[in-house]
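Undergrad: I'd like to ask some things about the structure below.
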Amino acid sequence: MVKVIGKAILSGNEAIARGAYEAGVHFASAYPGTPSTEILESLALYKEVKAEWAPNEKVAMEVAGGAAIGGAISLCAQKHVGLNVAADPLFSLAYAGVTGALLIITADDSGMHSSQNEQDNRHFARAAKLPLLEPVNSDEALRMTKWALKISHQFDSPVILRTTTRVSHGKGVVTLSEREEIPIYPYKKNFEKYVLMPSNARKLHVVVEERLKKLKELAESSEWNVIEDGDSEIGVITSGVSYNYAKEVFPNATYLKLGFSFPFPMEKVKEFSKKVKKIIIIEEGDDFIEGYVRQLGLSNEIIGKNILPYCGEMLPEVLKEYLLNEKVEKKTINSNHILERPPVLCPGCPHIGIFDAIKKQRLSVAGDIGCYTLAALAPWNAMDTCICMGASISGLSGLMQNPMLTGNNSVAVIGDSTFIHSGITSLIDMVYNNRKGTVVILDNRITAMTGNQQNPTTGLTLQGNNTSQIDLEALVKAIGVKWVKRVNNYNLKETSDALREAREFDGVSVLITSQPCALTEEVKRAKKYPFEIDESKCIACGACLRLGCPAISKGESGKSKIDPVYCIGCGMCAQVCPPKVQAIHKIEKEA
Amino acid sequence: MKTTSILFAGIGGQGIIKASSILATACLNSGFDVKQSEVHGMAQRGGSVVSFVRFGEKVYSPTVEQKTADIILSFEKSETLRWIDYLKSDGFLLINDYEIRPTSLNYTGKTYPERSTVESYLKEIEYKFVNSTEEALKLGDVRVFNTILLGVIAKKIESISIESFHKAIELSVPSKTIQMNLKAFDLGLSL
């Protein structure tokens, strides 16, 4: 009997980590991505677990899959679009199965709080023929994770656990238990199972289909698929976080809560349909559940995505608007009194230096995923495309098929972590196909956007061990790039000159910026003296404001001022103040 | 018992998530079910941040709907107006008398709202302004301004005992700062 050791308030991500820890997980790998990042960060705190950042999600899943074949209890975690990157091993690991256990976590971003699309990853479970679990809150996330790892071993199958943003980041009460220590299962070479040659894979496909039938039986009787009796007028079928929203709007209805939603429990729905008149299906994302329910040809009236939206979160106010015709009241505040506070680059962000040069040289920019995507907004407006991880470099190659866009007037920008994730092969494509063009690698030596995670350029692992640091110049040269230069991007002239030189080079050129992210501990520790603006000299020309540094604002007089608390002393603003004015200087240390 | 909803609003980096997690822990200490929700990611980059805490016998949704918040704690003066429509007609609003001017003022042509502009929207509402930075400086540590604010709203949350808050603070802040945070909380209670 496992000992219960108390209650705690955990986010869904922390609860998944806790559940995995309690289930005896040995190994975990991931690439950071909102809203999934904290799963690995939380797991890394348990010394019994080996938790690692991988260069990308495909690698993470392959390492975790290898660990599971080798006998370990393992998991990998990613945001929804990360599973696209890992789709190749996903579909094949479904055939190979496991010796130990493999849990694949996908954190979908309903409402796109921090993502480029709103895909519903439940489709992956169906396509790869793997069991799918959808927790409604932290408590279920913890318990389901433990159960999923057991089922994975028992059914010799990877298991997918899907959360959405509010489950991942929302916090709730969970019950903590002790860890169950399970030794790594013995590994045996098994040619027919783990070598996916056609002759073996044909047999394995039959195994997968048989396994699905057994999993369907399990889903029909599963403790995760429950009917909660209530009023017979309305029956709600729902899964994941939508269950909570539905309970707020229809507290007295009869519910079918689907926590184990693929293979789909058809019989359970039939049983449920007899208890209620009208069925309302509430799910975030696509009509995944609804598709199956409609296949049954039930006589009940069925309401789903014919009325509810496919886009965004199924919040209580959305349900009320679409199902009860209760419109949310229009806001009563004059919009002029509500200030825009879009996410901005940080005070002293080193990306400002390079984007100032890009903006002033009026370049077309193939952008990528990271903090620097914010340079697509005012005051830089310095990005033409942002598609997916790594698409800057390859996207530039494609854009240049139009003669209007050339290596002289267009560049690609990509962060260090994104370059490692999936920019390297795009650069190889560029060199191999004899293109002319410039790639700027924004090397701030951290994975910044997701909250400063280590990566192969930083010299540290997730669990804080020292490791080798990738030499980006050597890597780029080895690919065959003939023009490589590293610049101090706090020096605006040096940066601008180097960018111009790179664009003029007849071939592929790579410019690497060298200042670290302003939020890293290294920079915070070395905080320099802030700068200030001499109001008697300032002519209110706005040159410093146009840098877009949040430490600089326009005062009542129209002249600029610098907030000494936010200023990190990078000195970029002093360089754009006109030479005849020179109103910006460093606050000297008082004696 | 009806579910109580509290909304924390402000700017990334003001300690909003910390304050809401202390409240959530206090709710747990007093034996309630509790849900807390915020969205992070892009938000840490100087953007506006909102965090919800809901507690009661059994809580489902982690989010707060318009016109349902029992209490709103606004850590920044102008952010009050973004969220005021979430307050119940008989709710309580606490405003930290503190301004953070966004860079958007440099290009949108808007001006930072005066206190009188903010107050013009609060005619039918029970509200209170507190200059928590000034109060925190009196205690000698400007960083505990958010714990002072938590103390002010704790008075309004009768179902959670002061002991539950004290215990939550002890569990949630670094050990060196426990005494200072307890003092700050008690100062908030007295305001």
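The way I read the labels, and the way they are meant: chains A, B, ... in the order of the structure tokens, residue 1 as the first residue of every chain, and ligand 1 as the first ligand shown, with later ones counted on from there.
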Tell me which protein, DNA and RNA residues are within 7 Å of Leu258 of chain A, counting only C-alpha atoms, leaving out same-chain ones fewer than 4 positions away, and put them as number ranges by chain.

TA: A: 224-226, 238-239

Undergrad: Pick out the residues sitting within 10 Å of Val98 of chain A, and hand them over as a list in words; count only C-alpha atoms, and ignore anything fewer than 2 positions along from it in its own chain.

TA: Gly65, Gly66, Ala67, Ala68, Ile69, Gly70, Gly71, Ala72, Ile73, Ser74, Leu93, Ala94, Tyr95, Ala96, Gly100, Ala101, Leu102, Ser152, His153, Gln154, Phe155, Asp156, Ser157, Pro158, Lys193 and Tyr194 of chain A

Undergrad: Please check the contacts: residues of chain B at most 9 Å away from chain A, using only C-alpha atoms, listed as a count of residues only.

TA: 51

Undergrad: When DSSP is applied to the backbone of this structure, which of chain B are assigned helix (DSSP H, G or I)? Write them out as JSON, numbers by chain.

TA: {"B": [16, 17, 18, 19, 20, 21, 22, 23, 24, 25, 26, 27, 28, 29, 42, 43, 44, 79, 80, 81, 82, 83, 84, 85, 86, 105, 106, 107, 108, 115, 116, 117, 118, 119, 120, 132, 133, 134, 135, 136, 137, 138, 139, 142, 143, 144, 145, 146, 147, 148, 149, 150, 151, 152, 153, 154, 162, 163, 164, 165, 166, 167, 168, 169, 170, 171, 172, 175, 176, 177, 178, 179, 180, 181, 182, 183, 184, 185, 186, 187, 188, 189, 190]}

Undergrad: Between A:Asp368, A:Asp88, A:Glu220, A:Glu62, single out the one closest to Ala412 of chain A, counting only C-alpha atoms.

TA: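 That would be A:Asp368, the residue with the smallest distance to Ala412 of chain A.
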
Undergrad: Using DSSP assignments from the backbone, pull out every residue in segment 21-93 of chain B that falls under strand (DSSP E or B) and give it to me as a PyMOL selection string.

TA: chain B and resi 33-38+48-56+69-74+87-93

Undergrad: Would you kindly return, as a list in words, each protein, DNA or RNA residue with an atom no farther than 12 Å from any atom of Gly151 of chain B, considering only C-alpha atoms and excluding same-chain residues fewer than 6 positions away?

TA: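 Here the answer would be Ala19, Ile22, Leu23, Leu73, Leu94, Val130, Ser132, Val144, Phe145, Ile157, Ile160, Ser161, Ile162, Phe165, His166, Ile169, Asn181, Leu182, Lys183, Ala184, Phe185, Asp186, Leu187, Gly188, Leu189, Ser190 and Leu191 of chain B.
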
Undergrad: Store the residues picked out above in a file with C-alpha atoms, as a PDB file, in the first residue's frame.

TA:
```
ATOM      1  CA  ALA B  19       0.603  36.716  -4.010  1.00  0.00           C
ATOM      2  CA  ILE B  22      -0.060  32.512  -1.039  1.00  0.00           C
ATOM      3  CA  LEU B  23      -3.814  33.148  -1.017  1.00  0.00           C
ATOM      4  CA  LEU B  73      -6.656  43.434  -6.343  1.00  0.00           C
ATOM      5  CA  LEU B  94      -8.209  47.389  -3.951  1.00  0.00           C
ATOM      6  CA  VAL B 130      -3.205  52.046  -0.952  1.00  0.00           C
ATOM      7  CA  SER B 132       1.943  50.056  -0.881  1.00  0.00           C
ATOM      8  CA  VAL B 144       7.156  43.339   0.439  1.00  0.00           C
ATOM      9  CA  PHE B 145       4.633  45.762  -1.097  1.00  0.00           C
ATOM     10  CA  ILE B 157     -12.044  37.356   3.172  1.00  0.00           C
ATOM     11  CA  ILE B 160     -10.004  32.322   5.691  1.00  0.00           C
ATOM     12  CA  SER B 161      -8.368  32.650   9.095  1.00  0.00           C
ATOM     13  CA  ILE B 162      -5.391  34.931   9.715  1.00  0.00           C
ATOM     14  CA  PHE B 165      -2.514  33.238   5.845  1.00  0.00           C
ATOM     15  CA  HIS B 166       0.436  33.319   8.257  1.00  0.00           C
ATOM     16  CA  ILE B 169       3.353  32.977   3.978  1.00  0.00           C
ATOM     17  CA  ASN B 181       6.587  39.328   5.091  1.00  0.00           C
ATOM     18  CA  LEU B 182       4.543  38.533   8.215  1.00  0.00           C
ATOM     19  CA  LYS B 183       5.061  42.124   9.398  1.00  0.00           C
ATOM     20  CA  ALA B 184       4.011  43.396   5.964  1.00  0.00           C
ATOM     21  CA  PHE B 185       0.884  41.219   5.980  1.00  0.00           C
ATOM     22  CA  ASP B 186      -0.108  42.436   9.454  1.00  0.00           C
ATOM     23  CA  LEU B 187       0.483  46.026   8.379  1.00  0.00           C
ATOM     24  CA  GLY B 188      -1.899  45.406   5.458  1.00  0.00           C
ATOM     25  CA  LEU B 189      -4.529  44.073   7.875  1.00  0.00           C
ATOM     26  CA  SER B 190      -4.362  47.335   9.826  1.00  0.00           C
ATOM     27  CA  LEU B 191      -4.858  49.590   6.784  1.00  0.00           C
TER      28      LEU B 191
END
```

Undergrad: Would you kindly return, as an mmCIF file with N, CA, C and O atoms, in the first residue's frame, each protein, DNA or RNA residue with an atom no farther than 7 Å from any atom of Glu126 of chain B, considering only C-alpha atoms and excluding same-chain residues fewer than 3 positions away?

TA:
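Result went into out-v5.cif, see below:
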```
data_model
loop_
_atom_site.group_PDB
_atom_site.id
_atom_site.type_symbol
_atom_site.label_atom_id
_atom_site.label_comp_id
_atom_site.auth_asym_id
_atom_site.auth_seq_id
_atom_site.Cartn_x
_atom_site.Cartn_y
_atom_site.Cartn_z
ATOM 1 N N GLY B 91 -18.920 43.864 -5.027
ATOM 2 C CA GLY B 91 -17.550 43.411 -4.776
ATOM 3 C C GLY B 91 -16.675 44.506 -4.198
ATOM 4 O O GLY B 91 -17.104 45.661 -4.046
ATOM 5 N N PHE B 92 -15.435 44.153 -3.888
ATOM 6 C CA PHE B 92 -14.491 45.113 -3.310
ATOM 7 C C PHE B 92 -13.260 45.217 -4.209
ATOM 8 O O PHE B 92 -12.722 44.210 -4.662
ATOM 9 N N LEU B 93 -12.834 46.461 -4.437
ATOM 10 C CA LEU B 93 -11.689 46.700 -5.315
ATOM 11 C C LEU B 93 -10.570 47.369 -4.521
ATOM 12 O O LEU B 93 -10.785 48.386 -3.866
#
```

Undergrad: Kindly give the distance, in Å, that separates atom CA of Lys305 of chain A and atom CA of Val318 of chain A, rounded to a single decimal.

TA: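 Between atom CA of Lys305 of chain A and atom CA of Val318 of chain A the gap works out to 12.6 Å.
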